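Novice: Here you go, data.pdb (PDB, N, CA and C atoms and all ligand atoms):
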ATOM      1  N   MET T1100     -65.645 136.603  49.743  1.00  0.00           N
ATOM      2  CA  MET T1100     -65.674 135.902  51.045  1.00  0.00           C
ATOM      3  C   MET T1100     -64.763 136.648  52.017  1.00  0.00           C
ATOM      4  N   SER T1101     -65.275 136.918  53.170  1.00  0.00           N
ATOM      5  CA  SER T1101     -64.463 137.630  54.153  1.00  0.00           C
ATOM      6  C   SER T1101     -63.813 136.647  55.112  1.00  0.00           C
ATOM      7  N   ARG T1102     -62.639 137.009  55.501  1.00  0.00           N
ATOM      8  CA  ARG T1102     -61.934 136.189  56.475  1.00  0.00           C
ATOM      9  C   ARG T1102     -62.301 136.620  57.883  1.00  0.00           C
ATOM     10  N   THR T1103     -62.473 135.674  58.743  1.00  0.00           N
ATOM     11  CA  THR T1103     -62.751 135.993  60.137  1.00  0.00           C
ATOM     12  C   THR T1103     -61.495 135.726  60.960  1.00  0.00           C
ATOM     13  N   ILE T1104     -61.031 136.738  61.621  1.00  0.00           N
ATOM     14  CA  ILE T1104     -59.819 136.602  62.422  1.00  0.00           C
ATOM     15  C   ILE T1104     -60.142 137.008  63.857  1.00  0.00           C
ATOM     16  N   SER T1105     -59.962 136.098  64.762  1.00  0.00           N
ATOM     17  CA  SER T1105     -60.217 136.423  66.154  1.00  0.00           C
ATOM     18  C   SER T1105     -58.971 137.024  66.791  1.00  0.00           C
ATOM     19  N   ALA T1106     -59.152 137.582  67.962  1.00  0.00           N
ATOM     20  CA  ALA T1106     -58.025 138.182  68.669  1.00  0.00           C
ATOM     21  C   ALA T1106     -56.966 137.131  68.980  1.00  0.00           C
ATOM     22  N   TYR T1107     -57.391 135.871  69.032  1.00  0.00           N
ATOM     23  CA  TYR T1107     -56.450 134.810  69.373  1.00  0.00           C
ATOM     24  C   TYR T1107     -55.539 134.475  68.210  1.00  0.00           C
ATOM     25  N   ALA T1108     -55.840 135.018  67.035  1.00  0.00           N
ATOM     26  CA  ALA T1108     -55.043 134.710  65.857  1.00  0.00           C
ATOM     27  C   ALA T1108     -53.934 135.729  65.635  1.00  0.00           C
ATOM     28  N   VAL T1109     -53.738 136.629  66.586  1.00  0.00           N
ATOM     29  CA  VAL T1109     -52.704 137.638  66.420  1.00  0.00           C
ATOM     30  C   VAL T1109     -51.334 136.981  66.485  1.00  0.00           C
ATOM     31  N   LYS T1110     -50.530 137.284  65.488  1.00  0.00           N
ATOM     32  CA  LYS T1110     -49.205 136.675  65.423  1.00  0.00           C
ATOM     33  C   LYS T1110     -48.206 137.410  66.313  1.00  0.00           C
ATOM     34  N   ARG T1111     -47.045 136.795  66.423  1.00  0.00           N
ATOM     35  CA  ARG T1111     -45.939 137.450  67.122  1.00  0.00           C
ATOM     36  C   ARG T1111     -45.516 138.707  66.377  1.00  0.00           C
ATOM     37  N   CYS T1112     -44.865 139.580  67.100  1.00  0.00           N
ATOM     38  CA  CYS T1112     -44.388 140.826  66.522  1.00  0.00           C
ATOM     39  C   CYS T1112     -43.433 140.536  65.370  1.00  0.00           C
ATOM     40  N   PRO T1113     -43.697 141.080  64.191  1.00  0.00           N
ATOM     41  CA  PRO T1113     -42.817 140.853  63.043  1.00  0.00           C
ATOM     42  C   PRO T1113     -41.495 141.610  63.157  1.00  0.00           C
ATOM     43  N   VAL T1114     -41.402 142.497  64.124  1.00  0.00           N
ATOM     44  CA  VAL T1114     -40.191 143.306  64.289  1.00  0.00           C
ATOM     45  C   VAL T1114     -39.240 142.666  65.297  1.00  0.00           C
ATOM     46  N   CYS T1115     -39.720 142.415  66.507  1.00  0.00           N
ATOM     47  CA  CYS T1115     -38.827 141.903  67.550  1.00  0.00           C
ATOM     48  C   CYS T1115     -39.088 140.428  67.873  1.00  0.00           C
ATOM     49  N   GLY T1116     -40.290 139.931  67.569  1.00  0.00           N
ATOM     50  CA  GLY T1116     -40.609 138.529  67.798  1.00  0.00           C
ATOM     51  C   GLY T1116     -40.706 138.130  69.256  1.00  0.00           C
ATOM     52  N   LYS T1117     -40.713 139.096  70.160  1.00  0.00           N
ATOM     53  CA  LYS T1117     -40.700 138.790  71.587  1.00  0.00           C
ATOM     54  C   LYS T1117     -42.088 138.650  72.185  1.00  0.00           C
ATOM     55  N   SER T1118     -43.082 139.161  71.493  1.00  0.00           N
ATOM     56  CA  SER T1118     -44.424 139.143  72.060  1.00  0.00           C
ATOM     57  C   SER T1118     -45.450 139.131  70.952  1.00  0.00           C
ATOM     58  N   ILE T1119     -46.631 138.623  71.240  1.00  0.00           N
ATOM     59  CA  ILE T1119     -47.705 138.764  70.263  1.00  0.00           C
ATOM     60  C   ILE T1119     -48.264 140.174  70.364  1.00  0.00           C
ATOM     61  N   GLY T1120     -48.846 140.612  69.274  1.00  0.00           N
ATOM     62  CA  GLY T1120     -49.436 141.947  69.273  1.00  0.00           C
ATOM     63  C   GLY T1120     -50.705 141.983  70.107  1.00  0.00           C
ATOM     64  N   ARG T1121     -51.073 143.160  70.517  1.00  0.00           N
ATOM     65  CA  ARG T1121     -52.326 143.313  71.250  1.00  0.00           C
ATOM     66  C   ARG T1121     -53.126 144.427  70.588  1.00  0.00           C
ATOM     67  N   ALA T1122     -54.421 144.190  70.496  1.00  0.00           N
ATOM     68  CA  ALA T1122     -55.305 145.171  69.876  1.00  0.00           C
ATOM     69  C   ALA T1122     -55.667 146.239  70.903  1.00  0.00           C
ATOM     70  N   LEU T1123     -55.494 147.476  70.500  1.00  0.00           N
ATOM     71  CA  LEU T1123     -55.755 148.586  71.402  1.00  0.00           C
ATOM     72  C   LEU T1123     -56.651 149.609  70.728  1.00  0.00           C
ATOM     73  N   VAL T1124     -57.425 150.294  71.524  1.00  0.00           N
ATOM     74  CA  VAL T1124     -58.247 151.368  70.987  1.00  0.00           C
ATOM     75  C   VAL T1124     -57.388 152.625  70.871  1.00  0.00           C
ATOM     76  N   ASP T1125     -57.463 153.242  69.724  1.00  0.00           N
ATOM     77  CA  ASP T1125     -56.719 154.474  69.500  1.00  0.00           C
ATOM     78  C   ASP T1125     -57.556 155.656  69.982  1.00  0.00           C
ATOM     79  N   TRP T1126     -57.401 155.986  71.236  1.00  0.00           N
ATOM     80  CA  TRP T1126     -58.237 157.029  71.844  1.00  0.00           C
ATOM     81  C   TRP T1126     -57.953 158.412  71.262  1.00  0.00           C
ATOM     82  N   GLU T1127     -56.774 158.542  70.650  1.00  0.00           N
ATOM     83  CA  GLU T1127     -56.404 159.851  70.119  1.00  0.00           C
ATOM     84  C   GLU T1127     -56.938 160.057  68.705  1.00  0.00           C
ATOM     85  N   ASN T1128     -57.481 159.030  68.139  1.00  0.00           N
ATOM     86  CA  ASN T1128     -57.898 159.110  66.745  1.00  0.00           C
ATOM     87  C   ASN T1128     -59.365 158.731  66.619  1.00  0.00           C
ATOM     88  N   LYS T1129     -60.233 159.695  66.797  1.00  0.00           N
ATOM     89  CA  LYS T1129     -61.662 159.439  66.780  1.00  0.00           C
ATOM     90  C   LYS T1129     -62.274 160.045  65.521  1.00  0.00           C
ATOM     91  N   GLY T1130     -62.845 159.176  64.689  1.00  0.00           N
ATOM     92  CA  GLY T1130     -63.477 159.658  63.474  1.00  0.00           C
ATOM     93  C   GLY T1130     -64.913 159.184  63.388  1.00  0.00           C
ATOM     94  N   ASP T1131     -65.812 160.044  62.991  1.00  0.00           N
ATOM     95  CA  ASP T1131     -67.226 159.692  62.850  1.00  0.00           C
ATOM     96  C   ASP T1131     -67.805 159.120  64.144  1.00  0.00           C
ATOM     97  N   GLY T1132     -67.323 159.590  65.269  1.00  0.00           N
ATOM     98  CA  GLY T1132     -67.848 159.119  66.544  1.00  0.00           C
ATOM     99  C   GLY T1132     -67.383 157.731  66.929  1.00  0.00           C
ATOM    100  N   MET T1133     -66.493 157.163  66.112  1.00  0.00           N
ATOM    101  CA  MET T1133     -66.015 155.809  66.389  1.00  0.00           C
ATOM    102  C   MET T1133     -64.519 155.845  66.657  1.00  0.00           C
ATOM    103  N   HIS T1134     -64.111 155.231  67.740  1.00  0.00           N
ATOM    104  CA  HIS T1134     -62.685 155.102  67.990  1.00  0.00           C
ATOM    105  C   HIS T1134     -62.126 153.989  67.115  1.00  0.00           C
ATOM    106  N   ARG T1135     -60.960 154.231  66.583  1.00  0.00           N
ATOM    107  CA  ARG T1135     -60.326 153.231  65.748  1.00  0.00           C
ATOM    108  C   ARG T1135     -59.463 152.293  66.592  1.00  0.00           C
ATOM    109  N   VAL T1136     -59.042 151.219  65.963  1.00  0.00           N
ATOM    110  CA  VAL T1136     -58.286 150.174  66.660  1.00  0.00           C
ATOM    111  C   VAL T1136     -56.969 149.929  65.935  1.00  0.00           C
ATOM    112  N   TYR T1137     -55.931 149.686  66.704  1.00  0.00           N
ATOM    113  CA  TYR T1137     -54.657 149.312  66.096  1.00  0.00           C
ATOM    114  C   TYR T1137     -54.066 148.168  66.913  1.00  0.00           C
ATOM    115  N   VAL T1138     -53.034 147.539  66.358  1.00  0.00           N
ATOM    116  CA  VAL T1138     -52.338 146.468  67.070  1.00  0.00           C
ATOM    117  C   VAL T1138     -50.927 146.951  67.355  1.00  0.00           C
ATOM    118  N   GLU T1139     -50.514 146.759  68.585  1.00  0.00           N
ATOM    119  CA  GLU T1139     -49.204 147.223  69.001  1.00  0.00           C
ATOM    120  C   GLU T1139     -48.438 146.115  69.707  1.00  0.00           C
ATOM    121  N   CYS T1140     -47.106 146.127  69.553  1.00  0.00           N
ATOM    122  CA  CYS T1140     -46.249 145.217  70.298  1.00  0.00           C
ATOM    123  C   CYS T1140     -45.918 145.861  71.639  1.00  0.00           C
ATOM    124  N   PRO T1141     -46.230 145.187  72.755  1.00  0.00           N
ATOM    125  CA  PRO T1141     -45.938 145.765  74.068  1.00  0.00           C
ATOM    126  C   PRO T1141     -44.447 145.818  74.377  1.00  0.00           C
ATOM    127  N   MET T1142     -43.649 145.103  73.601  1.00  0.00           N
ATOM    128  CA  MET T1142     -42.211 145.081  73.859  1.00  0.00           C
ATOM    129  C   MET T1142     -41.476 146.209  73.139  1.00  0.00           C
ATOM    130  N   CYS T1143     -41.715 146.334  71.821  1.00  0.00           N
ATOM    131  CA  CYS T1143     -40.933 147.294  71.050  1.00  0.00           C
ATOM    132  C   CYS T1143     -41.770 148.440  70.503  1.00  0.00           C
ATOM    133  N   ARG T1144     -43.079 148.386  70.747  1.00  0.00           N
ATOM    134  CA  ARG T1144     -43.982 149.469  70.339  1.00  0.00           C
ATOM    135  C   ARG T1144     -44.187 149.571  68.835  1.00  0.00           C
ATOM    136  N   ALA T1145     -43.781 148.559  68.090  1.00  0.00           N
ATOM    137  CA  ALA T1145     -44.150 148.541  66.675  1.00  0.00           C
ATOM    138  C   ALA T1145     -45.672 148.483  66.606  1.00  0.00           C
ATOM    139  N   ARG T1146     -46.253 149.129  65.640  1.00  0.00           N
ATOM    140  CA  ARG T1146     -47.712 149.157  65.587  1.00  0.00           C
ATOM    141  C   ARG T1146     -48.213 149.311  64.157  1.00  0.00           C
ATOM    142  N   THR T1147     -49.472 148.963  63.996  1.00  0.00           N
ATOM    143  CA  THR T1147     -50.118 149.162  62.704  1.00  0.00           C
ATOM    144  C   THR T1147     -50.721 150.557  62.678  1.00  0.00           C
ATOM    145  N   ASN T1148     -51.246 150.907  61.542  1.00  0.00           N
ATOM    146  CA  ASN T1148     -52.073 152.102  61.494  1.00  0.00           C
ATOM    147  C   ASN T1148     -53.373 151.816  62.232  1.00  0.00           C
ATOM    148  N   SER T1149     -54.198 152.804  62.366  1.00  0.00           N
ATOM    149  CA  SER T1149     -55.479 152.630  63.033  1.00  0.00           C
ATOM    150  C   SER T1149     -56.553 152.269  62.010  1.00  0.00           C
ATOM    151  N   TYR T1150     -57.391 151.317  62.391  1.00  0.00           N
ATOM    152  CA  TYR T1150     -58.425 150.833  61.487  1.00  0.00           C
ATOM    153  C   TYR T1150     -59.796 150.928  62.133  1.00  0.00           C
ATOM    154  N   ALA T1151     -60.810 150.789  61.281  1.00  0.00           N
ATOM    155  CA  ALA T1151     -62.184 150.944  61.744  1.00  0.00           C
ATOM    156  C   ALA T1151     -62.613 149.807  62.664  1.00  0.00           C
ATOM    157  N   ASN T1152     -61.994 148.656  62.533  1.00  0.00           N
ATOM    158  CA  ASN T1152     -62.336 147.566  63.435  1.00  0.00           C
ATOM    159  C   ASN T1152     -61.114 146.705  63.728  1.00  0.00           C
ATOM    160  N   GLN T1153     -61.269 145.874  64.740  1.00  0.00           N
ATOM    161  CA  GLN T1153     -60.149 145.087  65.234  1.00  0.00           C
ATOM    162  C   GLN T1153     -59.632 144.101  64.202  1.00  0.00           C
ATOM    163  N   ASN T1154     -60.533 143.479  63.464  1.00  0.00           N
ATOM    164  CA  ASN T1154     -60.091 142.477  62.505  1.00  0.00           C
ATOM    165  C   ASN T1154     -59.186 143.060  61.439  1.00  0.00           C
ATOM    166  N   LEU T1155     -59.487 144.254  60.985  1.00  0.00           N
ATOM    167  CA  LEU T1155     -58.648 144.893  59.976  1.00  0.00           C
ATOM    168  C   LEU T1155     -57.264 145.188  60.545  1.00  0.00           C
ATOM    169  N   ALA T1156     -57.221 145.624  61.793  1.00  0.00           N
ATOM    170  CA  ALA T1156     -55.943 145.924  62.421  1.00  0.00           C
ATOM    171  C   ALA T1156     -55.120 144.650  62.598  1.00  0.00           C
ATOM    172  N   ILE T1157     -55.775 143.584  63.019  1.00  0.00           N
ATOM    173  CA  ILE T1157     -55.082 142.310  63.219  1.00  0.00           C
ATOM    174  C   ILE T1157     -54.586 141.761  61.889  1.00  0.00           C
ATOM    175  N   GLU T1158     -55.395 141.902  60.856  1.00  0.00           N
ATOM    176  CA  GLU T1158     -54.998 141.407  59.545  1.00  0.00           C
ATOM    177  C   GLU T1158     -53.764 142.151  59.054  1.00  0.00           C
ATOM    178  N   SER T1159     -53.740 143.444  59.287  1.00  0.00           N
ATOM    179  CA  SER T1159     -52.595 144.252  58.886  1.00  0.00           C
ATOM    180  C   SER T1159     -51.349 143.820  59.649  1.00  0.00           C
ATOM    181  N   TRP T1160     -51.524 143.604  60.940  1.00  0.00           N
ATOM    182  CA  TRP T1160     -50.417 143.162  61.790  1.00  0.00           C
ATOM    183  C   TRP T1160     -49.867 141.830  61.312  1.00  0.00           C
ATOM    184  N   ASN T1161     -50.766 140.881  61.062  1.00  0.00           N
ATOM    185  CA  ASN T1161     -50.344 139.548  60.649  1.00  0.00           C
ATOM    186  C   ASN T1161     -49.663 139.553  59.289  1.00  0.00           C
ATOM    187  N   ASP T1162     -49.953 140.562  58.486  1.00  0.00           N
ATOM    188  CA  ASP T1162     -49.287 140.706  57.196  1.00  0.00           C
ATOM    189  C   ASP T1162     -47.941 141.408  57.328  1.00  0.00           C
ATOM    190  N   GLY T1163     -47.589 141.776  58.554  1.00  0.00           N
ATOM    191  CA  GLY T1163     -46.303 142.433  58.770  1.00  0.00           C
ATOM    192  C   GLY T1163     -46.326 143.902  58.407  1.00  0.00           C
ATOM    193  N   ASN T1164     -47.519 144.447  58.271  1.00  0.00           N
ATOM    194  CA  ASN T1164     -47.652 145.848  57.885  1.00  0.00           C
ATOM    195  C   ASN T1164     -47.635 146.732  59.132  1.00  0.00           C
ATOM    196  N   VAL T1165     -46.442 146.849  59.726  1.00  0.00           N
ATOM    197  CA  VAL T1165     -46.301 147.607  60.957  1.00  0.00           C
ATOM    198  C   VAL T1165     -45.292 148.724  60.764  1.00  0.00           C
ATOM    199  N   SER T1166     -45.354 149.669  61.651  1.00  0.00           N
ATOM    200  CA  SER T1166     -44.450 150.806  61.574  1.00  0.00           C
ATOM    201  C   SER T1166     -43.640 150.930  62.843  1.00  0.00           C
ATOM    202  N   THR T1167     -42.353 151.108  62.677  1.00  0.00           N
ATOM    203  CA  THR T1167     -41.502 151.396  63.826  1.00  0.00           C
ATOM    204  C   THR T1167     -40.995 152.830  63.736  1.00  0.00           C
ATOM    205  N   ASN T1168     -41.494 153.515  62.737  1.00  0.00           N
ATOM    206  CA  ASN T1168     -41.087 154.898  62.518  1.00  0.00           C
ATOM    207  C   ASN T1168     -41.785 155.804  63.524  1.00  0.00           C
ATOM    208  N   ARG T1169     -41.032 156.366  64.412  1.00  0.00           N
ATOM    209  CA  ARG T1169     -41.618 157.157  65.487  1.00  0.00           C
ATOM    210  C   ARG T1169     -42.148 158.507  65.011  1.00  0.00           C
ATOM    211  N   THR T1170     -41.754 158.922  63.833  1.00  0.00           N
ATOM    212  CA  THR T1170     -42.153 160.261  63.409  1.00  0.00           C
ATOM    213  C   THR T1170     -43.674 160.372  63.325  1.00  0.00           C
ATOM    214  N   TYR T1171     -44.312 159.306  62.872  1.00  0.00           N
ATOM    215  CA  TYR T1171     -45.766 159.339  62.798  1.00  0.00           C
ATOM    216  C   TYR T1171     -46.380 159.147  64.183  1.00  0.00           C
ATOM    217  N   GLN T1172     -45.748 158.305  64.992  1.00  0.00           N
ATOM    218  CA  GLN T1172     -46.320 157.952  66.285  1.00  0.00           C
ATOM    219  C   GLN T1172     -46.161 159.049  67.333  1.00  0.00           C
ATOM    220  N   GLU T1173     -45.114 159.808  67.228  1.00  0.00           N
ATOM    221  CA  GLU T1173     -44.796 160.776  68.276  1.00  0.00           C
ATOM    222  C   GLU T1173     -46.011 161.585  68.716  1.00  0.00           C
ATOM    223  N   SER T1174     -46.745 162.089  67.739  1.00  0.00           N
ATOM    224  CA  SER T1174     -47.867 162.956  68.075  1.00  0.00           C
ATOM    225  C   SER T1174     -48.988 162.193  68.762  1.00  0.00           C
ATOM    226  N   LEU T1175     -49.060 160.886  68.544  1.00  0.00           N
ATOM    227  CA  LEU T1175     -50.129 160.092  69.138  1.00  0.00           C
ATOM    228  C   LEU T1175     -49.694 159.457  70.449  1.00  0.00           C
ATOM    229  N   ILE T1176     -48.639 158.662  70.390  1.00  0.00           N
ATOM    230  CA  ILE T1176     -48.202 157.912  71.561  1.00  0.00           C
ATOM    231  C   ILE T1176     -47.444 158.808  72.532  1.00  0.00           C
ATOM    232  N   GLY T1177     -46.621 159.700  72.012  1.00  0.00           N
ATOM    233  CA  GLY T1177     -45.885 160.600  72.890  1.00  0.00           C
ATOM    234  C   GLY T1177     -46.827 161.356  73.802  1.00  0.00           C
ATOM    235  N   PHE T1178     -47.962 161.666  73.282  1.00  0.00           N
ATOM    236  CA  PHE T1178     -48.985 162.350  74.035  1.00  0.00           C
ATOM    237  C   PHE T1178     -49.403 161.526  75.269  1.00  0.00           C
ATOM    238  N   LEU T1179     -49.623 160.248  75.049  1.00  0.00           N
ATOM    239  CA  LEU T1179     -50.055 159.356  76.127  1.00  0.00           C
ATOM    240  C   LEU T1179     -48.948 159.149  77.146  1.00  0.00           C
ATOM    241  N   GLU T1180     -47.729 159.021  76.655  1.00  0.00           N
ATOM    242  CA  GLU T1180     -46.614 158.766  77.569  1.00  0.00           C
ATOM    243  C   GLU T1180     -46.418 159.929  78.525  1.00  0.00           C
ATOM    244  N   VAL T1181     -46.637 161.128  78.038  1.00  0.00           N
ATOM    245  CA  VAL T1181     -46.515 162.300  78.897  1.00  0.00           C
ATOM    246  C   VAL T1181     -47.587 162.253  79.982  1.00  0.00           C
ATOM    247  N   LYS T1182     -48.783 161.914  79.574  1.00  0.00           N
ATOM    248  CA  LYS T1182     -49.882 161.884  80.549  1.00  0.00           C
ATOM    249  C   LYS T1182     -49.704 160.789  81.582  1.00  0.00           C
ATOM    250  N   ASN T1183     -49.075 159.687  81.157  1.00  0.00           N
ATOM    251  CA  ASN T1183     -48.864 158.571  82.077  1.00  0.00           C
ATOM    252  C   ASN T1183     -47.651 158.791  82.974  1.00  0.00           C
ATOM    253  N   GLY T1184     -46.918 159.821  82.719  1.00  0.00           N
ATOM    254  CA  GLY T1184     -45.745 160.111  83.521  1.00  0.00           C
ATOM    255  C   GLY T1184     -44.585 159.227  83.149  1.00  0.00           C
TER
HETATM  256 ZN    ZN V   1     -42.024 143.921  68.929  1.00  0.00          ZN
END
So that I can check it, write out the structure of this file as structure tokens.
Specialist:
Amino acid sequence: MSRTISAYAVKRCPVCGKSIGRALVDWENKGDGMHRVYVECPMCRARTNSYANQNLAIESWNDGNVSTNRTYQESLIGFLEVKNG
């Protein structure tokens, strides 16, 4: 039986607790012609890995499976921050 999790079921950030996570498309990580999705905290930038669909990303987030380790993110998010100025 599969669980159905809507975007409204996203929990608060397990790291800072200041905001609920938001599902974002990982534009830098395109596999098989499909962009992957991850959940990120807009306050502290904690995030999940990228998943094939939103529900998987949200489920990971709600399980507290997030990363605050910038070493993995630098190549992905740092790229965007430079472009955004
Ligand atoms: Zn946070």
Novice: I'd like to know which of T:Thr1167, T:Asn1152, T:Asn1161, T:Asn1128 is closest to ligand ZN 1 (chain V), using only C-alpha atoms and all ligand atoms.
Specialist: T:Thr1167
Novice: May I ask you to write as a PyMOL selection string all residues lying at most 12 Å from ligand ZN 1 (chain V), with only C-alpha atoms and all ligand atoms counted?
Specialist: chain T and resi 1110-1121+1138-1147+1160+1163+1165-1167
Novice: On this file, the PyMOL selection byres (((chain T and resi 1123) around 5) and not hetatm) gives some set of residues; write that set as a compact mmCIF listing (two decimals) with N, CA and C atoms, keeping the file's coordinate frame.
Specialist:
# COMPACT_ATOMS: atom_id res chain seq x y z
N ARG T 1121 -51.07 143.16 70.52
CA ARG T 1121 -52.33 143.31 71.25
C ARG T 1121 -53.13 144.43 70.59
N ALA T 1122 -54.42 144.19 70.50
CA ALA T 1122 -55.30 145.17 69.88
C ALA T 1122 -55.67 146.24 70.90
N VAL T 1124 -57.42 150.29 71.52
CA VAL T 1124 -58.25 151.37 70.99
C VAL T 1124 -57.39 152.62 70.87
N ASP T 1125 -57.46 153.24 69.72
CA ASP T 1125 -56.72 154.47 69.50
C ASP T 1125 -57.56 155.66 69.98
N VAL T 1136 -59.04 151.22 65.96
CA VAL T 1136 -58.29 150.17 66.66
C VAL T 1136 -56.97 149.93 65.94
N TYR T 1137 -55.93 149.69 66.70
CA TYR T 1137 -54.66 149.31 66.10
C TYR T 1137 -54.07 148.17 66.91
N VAL T 1138 -53.03 147.54 66.36
CA VAL T 1138 -52.34 146.47 67.07
C VAL T 1138 -50.93 146.95 67.36
Novice: What are the centre and edge lengths in Å, to one decimal, of the axis-aligned box around all listed atoms of segment 1143-1159 of chain T with 3 Å added on each side, as JSON?
Specialist:
{"center_x": -51.8, "center_y": 147.1, "center_z": 65.4, "size_x": 27.7, "size_y": 17.4, "size_z": 18.9}
Novice: To one decimal in Å, tell me the separation between atom CA of Ile1157 of chain T and atom N of Ala1108 of chain T.
Specialist: 8.3 Å
Novice: If the PyMOL selection byres (((chain T and resi 1151 and name CA) around 8) and not hetatm and name CA) is run on the structure shown, which residues does it catch, given as a VMD selection string?
Specialist: chain T and resid 1133 to 1136 1149 to 1150 1152 to 1153 1155
Novice: Could you please take those selected residues and save N, CA and C atoms as an mmCIF file, keeping the file's coordinate frame?
Specialist:
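Result file is part-v3.cif:
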data_model
loop_
_atom_site.group_PDB
_atom_site.id
_atom_site.type_symbol
_atom_site.label_atom_id
_atom_site.label_comp_id
_atom_site.auth_asym_id
_atom_site.auth_seq_id
_atom_site.Cartn_x
_atom_site.Cartn_y
_atom_site.Cartn_z
ATOM 1 N N MET T 1133 -66.493 157.163 66.112
ATOM 2 C CA MET T 1133 -66.015 155.809 66.389
ATOM 3 C C MET T 1133 -64.519 155.845 66.657
ATOM 4 N N HIS T 1134 -64.111 155.231 67.740
ATOM 5 C CA HIS T 1134 -62.685 155.102 67.990
ATOM 6 C C HIS T 1134 -62.126 153.989 67.115
ATOM 7 N N ARG T 1135 -60.960 154.231 66.583
ATOM 8 C CA ARG T 1135 -60.326 153.231 65.748
ATOM 9 C C ARG T 1135 -59.463 152.293 66.592
ATOM 10 N N VAL T 1136 -59.042 151.219 65.963
ATOM 11 C CA VAL T 1136 -58.286 150.174 66.660
ATOM 12 C C VAL T 1136 -56.969 149.929 65.935
ATOM 13 N N SER T 1149 -54.198 152.804 62.366
ATOM 14 C CA SER T 1149 -55.479 152.630 63.033
ATOM 15 C C SER T 1149 -56.553 152.269 62.010
ATOM 16 N N TYR T 1150 -57.391 151.317 62.391
ATOM 17 C CA TYR T 1150 -58.425 150.833 61.487
ATOM 18 C C TYR T 1150 -59.796 150.928 62.133
ATOM 19 N N ASN T 1152 -61.994 148.656 62.533
ATOM 20 C CA ASN T 1152 -62.336 147.566 63.435
ATOM 21 C C ASN T 1152 -61.114 146.705 63.728
ATOM 22 N N GLN T 1153 -61.269 145.874 64.740
ATOM 23 C CA GLN T 1153 -60.149 145.087 65.234
ATOM 24 C C GLN T 1153 -59.632 144.101 64.202
ATOM 25 N N LEU T 1155 -59.487 144.254 60.985
ATOM 26 C CA LEU T 1155 -58.648 144.893 59.976
ATOM 27 C C LEU T 1155 -57.264 145.188 60.545
#
